[in-house]
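Scroll down for the structure; my scribbles are underneath it.
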Amino acid sequence: MSTSNRTIVITGASSGIGLGLAEAFLREGYNVVGTGRSQERLQAAAKQLNAGERFLGVAGDVGAPDTARDVFAQAIARYGHVDVLVNNAGIFSVKPFVDFTPEEIEEQIATNLKGVLYMSQQAARHMGERKQGRIINITASLAMQPHGSVPALLAVALKGGLNQATRALALELASQGVTVNAVAPGVTATPMHPADTHAALGSMHPLGRIARTDEIVAAVRYLVGAEFVTGSILPVDGGFSAGR
Ligand SMILES: NC(=O)c1ccc[n+]([C@@H]2O[C@H](COP(=O)([O-])OP(=O)(O)OC[C@H]3O[C@@H](n4cnc5c(N)ncnc54)[C@H](OP(=O)(O)O)[C@@H]3O)[C@@H](O)[C@H]2O)c1
């Protein structure tokens, strides 16, 4: 049963930026379909969000094509349609390039790239038919400005590729009324980074601190409301990508 006429799908909604997005869009009156691998973490998020029928958790690995089909089928069955997709689920690893194992490379490609492709295909078909919709990718400022002291080649390669894919998909979908944009966060205070690393990480940003999740959420909210913006990559990074 639909409880609102607007629905957003947020991948990786059980933690960090995704959980912040779920909170914010519930407050705005959206139905929220939140994903993650762990059913337990999604249940904990649902309890914290306390939104009743307006929050639907769907567990599944975004790297598997079946997950995207399942998420969109459940979202449409419950709420009728999807207005916004935020491709937020992601993993990050800092280590010298030569130390990545084949398994780690496969996992990063599956989560950070294939997940976005499968989810976006579902969204593009559904939103294209409706002649309206928003796809927003959460990429990374580091992909626009690699940093010598943060060896994270896989993140740079995959999120950098997503920034370009954002522009290409924006062009493909423009005539169908669907906009495609990206938010590229600098380091953000989420469970991805232990609290005792925040000060050192903050010092790498010209504005001298890391981002709060609500600052990333504000950028996504802006792009959801922006009718004449597509193919843009919006850094929210305290100047990290501006240069040195
Ligand atoms: N935090 C930062 O400093 C930062 C900076 C730049 C960009 N970003 C990007 O922002 C996004 C969110 O990051 P965050 O810091 O909020 O991360 P987080 O707190 O670690 O949360 C990650 C979320 O993604 C889900 N997830 C991870 N792998 C998944 C998979 N294979 N399938 C489905 N769900 C999966 C997690 O749930 P489960 O573990 O239950 O699957 C969790 O809900 C990521 O794309 C990240 O690359 C973050």
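Chain labels A, B, ... are given in the sequence in which chains occur in the structure tokens; within each chain residues are numbered consecutively from 1, and ligands are likewise numbered from 1 in the order shown.
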TODO: Could you give me the residues within 6 Å of ligand 1, counting only C-alpha atoms and all ligand atoms, as a PyMOL selection string?
DONE: chain A and resi 12-18+36-38+41+60-63+88-92+111+138-140+185-192
Task: 12 Å contact set for Leu26 of chain A, only C-alpha atoms, chain neighbours under 2 positions out, as a list in words - done: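 With the cut-off at 12 Å, the set is Thr3, Ser4, Arg6, Thr7, Ile8, Val9, Ile10, Leu19, Gly20, Leu21, Ala22, Glu23, Ala24, Glu28, Gly29, Tyr30, Asn31, Val32, Val33, Gly34, Ala46, Leu49, Asn50, Ala51, Gly52, Glu53, Arg54, Phe55 and Leu56 of chain A.
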TODO: Taking the DSSP assignment computed from this structure's backbone, write out as a list in words all residues of segment 63-236 of chain A that belong to strand (DSSP E or B).
DONE: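 Here is the list: Val84, Leu85, Val86, Asn87, Gly133, Arg134, Ile135, Ile136, Asn137, Ile138, Val178, Thr179, Val180, Asn181, Ala182, Val183, Ala184, Pro185, Thr188, Ala211, Ile233, Leu234, Pro235 and Val236 of chain A.
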Restricting the output to C-alpha atoms, write the selected residues as a short mmCIF file (atom, residue, chain, number, x, y, z; two decimals), in the first residue's frame.
```cif
data_model
loop_
_atom_site.label_atom_id
_atom_site.label_comp_id
_atom_site.auth_asym_id
_atom_site.auth_seq_id
_atom_site.Cartn_x
_atom_site.Cartn_y
_atom_site.Cartn_z
CA VAL A 84 14.72 8.73 -7.37
CA LEU A 85 17.60 6.25 -7.25
CA VAL A 86 20.66 7.05 -5.16
CA ASN A 87 23.54 4.68 -5.89
CA GLY A 133 13.19 10.52 -12.65
CA ARG A 134 16.49 11.22 -10.94
CA ILE A 135 19.57 9.01 -10.72
CA ILE A 136 22.27 10.24 -8.34
CA ASN A 137 25.59 8.48 -7.91
CA ILE A 138 27.70 8.91 -4.79
CA VAL A 178 15.52 11.56 -16.47
CA THR A 179 18.45 13.46 -14.96
CA VAL A 180 21.69 11.77 -13.90
CA ASN A 181 24.17 13.47 -11.59
CA ALA A 182 26.84 12.61 -9.03
CA VAL A 183 27.88 13.89 -5.64
CA ALA A 184 31.60 13.45 -4.99
CA PRO A 185 32.23 13.58 -1.24
CA THR A 188 33.01 12.07 5.46
CA ALA A 211 32.46 16.44 5.89
CA ILE A 233 29.61 16.03 -10.73
CA LEU A 234 29.20 18.05 -7.54
CA PRO A 235 32.19 17.86 -5.18
CA VAL A 236 31.32 18.31 -1.50
#
```
- [ ] Give the answer as one residue: which of A:Pro65, A:Gly177, A:Pro146, A:Pro194 has the shortest atom-to-atom distance to Arg244 of chain A, using only C-alpha atoms?
- [x]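 Ranking A:Pro65, A:Gly177, A:Pro146, A:Pro194 by distance to Arg244 of chain A, first place goes to A:Pro146.
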Task: Surrounding residues of Gly239 of chain A excluding itself and chain neighbours under 3 positions, 7 Å, only C-alpha atoms, as a ChimeraX atom specification - done: /A:205-207,242
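Atom CA of Val94 of chain A sits 15.0 Å away from atom CA of Ile109 of chain A.
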- [ ] List every residue of segment 64-239 of chain A that DSSP, applied to the backbone, labels as alpha helix (DSSP H), and write the result as an MDAnalysis selection string.
- [x] chainID A and resid 65:79 102:109 115:130 153:173 198:202 213:225
- [ ] Point out the residue among A:Ser203, A:Thr101, A:Asn5, A:Gln176 with the least atom-to-atom distance to Asp83 of chain A, counting only C-alpha atoms.
- [x]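 Closest to Asp83 of chain A of all the choices is A:Asn5.
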TODO: Might you pull out every residue within 7 Å of Gln145 of chain A, with only C-alpha atoms counted and same-chain residues fewer than 3 positions away left off, and present them as a PyMOL selection string?
DONE: chain A and resi 141-142+241
